[in-house]
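**Student:** Before we start, here is the structure in question, set down as structure tokens.
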Amino acid sequence: KTGPSEISMQLPLFFNTKEEDYSKARSKRHALRLRILQNSSEKEE
Amino acid sequence: KTGPSEISMQLPLFFNTKEEDYSKARSKRHALRLRILQNSSEKEE
Amino acid sequence: MNASLQDIVFAFLQTYYQRMSKDPSKVSALYSLTAELTHINYQVEFDLGGETLPTIKLTGKENISKFFTRNNKKVSDLKVLIESCDFQTTGANHSSVLILTTGEMFWTGTPTYKFVQSIILTPNPSKNDSFDITNDVVRFIADNLSPYALETIET
Amino acid sequence: MNASLQDIVFAFLQTYYQRMSKDPSKVSALYSLTAELTHINYQVEFDLGGETLPTIKLTGKENISKFFTRNNKKVSDLKVLIESCDFQTTGANHSSVLILTTGEMFWTGTPTYKFVQSIILTPNPSKNDSFDITNDVVRFIADNLSPYALETIET
């Protein structure tokens, strides 16, 4: 937590989006990450 | 690149370390990341 | 500062993002005349497979106004998750505020992009109890997941 | 500013990190009397399995001096890779400098930790052509690699 008074700012904070939209965008990022890690481990074999 | 004149500041910049030390610390982070991703994909199965 | 610093920072973030979503052409009104802005370069096609997005640097309220108006479609579609928010007082007699946020940004149909943002709010000389944005810097952060290949430095 | 802004920023980074490595007790000399610092909380045991490190907030040159002196062993062992460095002018007649860096930090035997740092340099009134650090904020950035679990919000 960063500020002295906790009342107003509860992190994480969503702006202009709902959690479902975020979760969709986040799973797109997750898929890209898995691909990168699989490529890099194939290179090592 | 960020600044107008390129001469002085070539990114990335190492401070107080050699590339070998960085590469060792980075592979420690890589191992931790692989473990997290393997755990999360096991959970999904 | 009567309102606590955190309340000022929180109120600012709400105004800043609400205006982007509701009326991008009004965003530049938040900036000082000679403000400096480093923001997403909306003129460049987004690389949906990449980890970061390019940024562009603008100086002055007029250029900032043109920027937000010209890119109003993308600006109003911006969605943000703020994960951390640090702030300190700064400037003449500590009356300005330095804000450092980290989080993730995305638009309809894109993956999330990790970013960090530093903003300075300076008291508006003509309207007391209100602030202008004098500095606003966005930087995207790559995951850098692939293992670090020691560049073989050709000597 | 005769020297280009980038040269000022680069010279500052060299001084800042060299002093941490060579003589941590001299680091506080770089700060203004009422500077604000948010830095690594060296008093807490490092979680080598974690992705971020806790930070601590200090105000005033004296507290900053105690902080760097008390933790001089860890401070002098700090190693840093700067991946990006943005900067803008700020403050009264744009004579101050806002710096935003991102990169990775580590110490002997630890993994790398991703961080962002925002620093404000303000002209030192008594020594022209030299700057004081008035603000210095470090924030660590988690990878957040595991897929996002939609919290089932109990209504």
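Ordered as shown in the structure tokens, chains take letters A, B, and onward, while each chain numbers its residues from 1 and ligands are numbered from 1 in the order shown.
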Just need the residues of chain C within 9 Å of chain B, counting only C-alpha atoms, so spit them out as number ranges by chain.

**Tutor:** C: 145-151

**Student:** Would you save the residues from that selection as a tab-separated table (two decimals), in the first residue's frame, using N, CA, C and O atoms?

**Tutor:**
```
chain	number	residue	atom	x	y	z
C	145	LEU	N	11.18	-12.24	-21.66
C	145	LEU	CA	11.09	-13.58	-21.08
C	145	LEU	C	12.16	-14.52	-21.60
C	145	LEU	O	12.60	-15.43	-20.91
C	146	SER	N	12.60	-14.30	-22.86
C	146	SER	CA	13.56	-15.30	-23.37
C	146	SER	C	14.88	-15.14	-22.63
C	146	SER	O	15.24	-14.03	-22.24
C	147	PRO	N	15.60	-16.29	-22.42
C	147	PRO	CA	16.83	-16.21	-21.63
C	147	PRO	C	17.82	-15.24	-22.25
C	147	PRO	O	17.79	-15.00	-23.45
C	148	TYR	N	18.68	-14.65	-21.44
C	148	TYR	CA	19.59	-13.59	-21.90
C	148	TYR	C	20.76	-14.21	-22.64
C	148	TYR	O	21.53	-14.98	-22.07
C	149	ALA	N	20.88	-13.90	-23.92
C	149	ALA	CA	22.00	-14.45	-24.71
C	149	ALA	C	23.16	-13.48	-24.58
C	149	ALA	O	23.05	-12.31	-24.97
C	150	LEU	N	24.25	-13.95	-24.00
C	150	LEU	CA	25.45	-13.12	-23.88
C	150	LEU	C	25.94	-12.79	-25.28
C	150	LEU	O	26.33	-13.67	-26.01
C	151	GLU	N	25.83	-11.50	-25.66
C	151	GLU	CA	26.30	-11.15	-27.02
C	151	GLU	C	27.79	-11.47	-27.10
C	151	GLU	O	28.56	-11.05	-26.25
```

**Student:** Residues at most 9 Å from region 36-42 of chain C, counting only C-alpha atoms, excluding those fewer than 5 positions away in the same chain, as a PDB file with C-alpha atoms, in the first residue's frame?

**Tutor:**
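The result, stored in result_34.pdb:
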```
ATOM      1  CA  TYR C  31      -2.179  20.502 -19.256  1.00  0.00           C
ATOM      2  CA  LEU C  53       4.318   0.188 -28.120  1.00  0.00           C
ATOM      3  CA  PRO C  54       6.236   3.172 -29.555  1.00  0.00           C
ATOM      4  CA  THR C  55       5.855   6.590 -27.916  1.00  0.00           C
ATOM      5  CA  ILE C  56       5.995  10.139 -29.255  1.00  0.00           C
ATOM      6  CA  LYS C  57       7.153  13.345 -27.518  1.00  0.00           C
ATOM      7  CA  LEU C  58       5.121  16.583 -27.693  1.00  0.00           C
ATOM      8  CA  THR C  59       5.653  20.015 -26.166  1.00  0.00           C
ATOM      9  CA  GLY C  60       3.028  22.669 -25.509  1.00  0.00           C
ATOM     10  CA  LYS C  61      -0.724  22.638 -24.908  1.00  0.00           C
ATOM     11  CA  ILE C  64      -1.104  18.180 -27.037  1.00  0.00           C
ATOM     12  CA  PHE C  67      -2.670  14.969 -30.573  1.00  0.00           C
ATOM     13  CA  ASN C  71      -6.474  10.270 -32.160  1.00  0.00           C
ATOM     14  CA  LYS C  74      -8.156   5.193 -29.992  1.00  0.00           C
ATOM     15  CA  VAL C  75      -7.910   7.524 -26.969  1.00  0.00           C
ATOM     16  CA  ILE C 133      -0.180  18.662 -15.680  1.00  0.00           C
ATOM     17  CA  THR C 134       3.281  20.058 -16.527  1.00  0.00           C
ATOM     18  CA  ASN C 135       4.888  16.631 -17.264  1.00  0.00           C
ATOM     19  CA  ASP C 136       3.454  13.319 -18.444  1.00  0.00           C
ATOM     20  CA  VAL C 137       5.752  10.442 -19.531  1.00  0.00           C
ATOM     21  CA  VAL C 138       4.574   6.941 -20.556  1.00  0.00           C
ATOM     22  CA  ARG C 139       7.063   4.094 -21.111  1.00  0.00           C
TER      23      ARG C 139
ATOM     24  CA  ASP D  86      13.114   9.157 -20.714  1.00  0.00           C
ATOM     25  CA  GLN D  88      11.736  16.085 -19.748  1.00  0.00           C
ATOM     26  CA  THR D  89      12.410  19.569 -18.408  1.00  0.00           C
ATOM     27  CA  THR D  90      10.174  20.679 -15.538  1.00  0.00           C
TER      28      THR D  90
END
```

**Student:** For Thr34 (chain C), which residue out of C:Thr52, C:Thr122, C:Gln6, C:Thr15 is the nearest one, using only C-alpha atoms?

**Tutor:**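 When distances to Thr34 (chain C) are compared using only C-alpha atoms, the smallest one comes from C:Thr122.
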
**Student:** Pick the closest to Ile120 (chain D) from D:Phe46, D:Phe140, D:Tyr17, D:Phe87: which is it, counting only C-alpha atoms?

**Tutor:**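 Smallest distance to Ile120 (chain D) is found for D:Phe87.
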
**Student:** In Å, rounded to a single decimal, give me how far CA of His94 (chain C) is from CA of Ala29 (chain C).

**Tutor:**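 CA of His94 (chain C) lies at a distance of 23.4 Å from CA of Ala29 (chain C).
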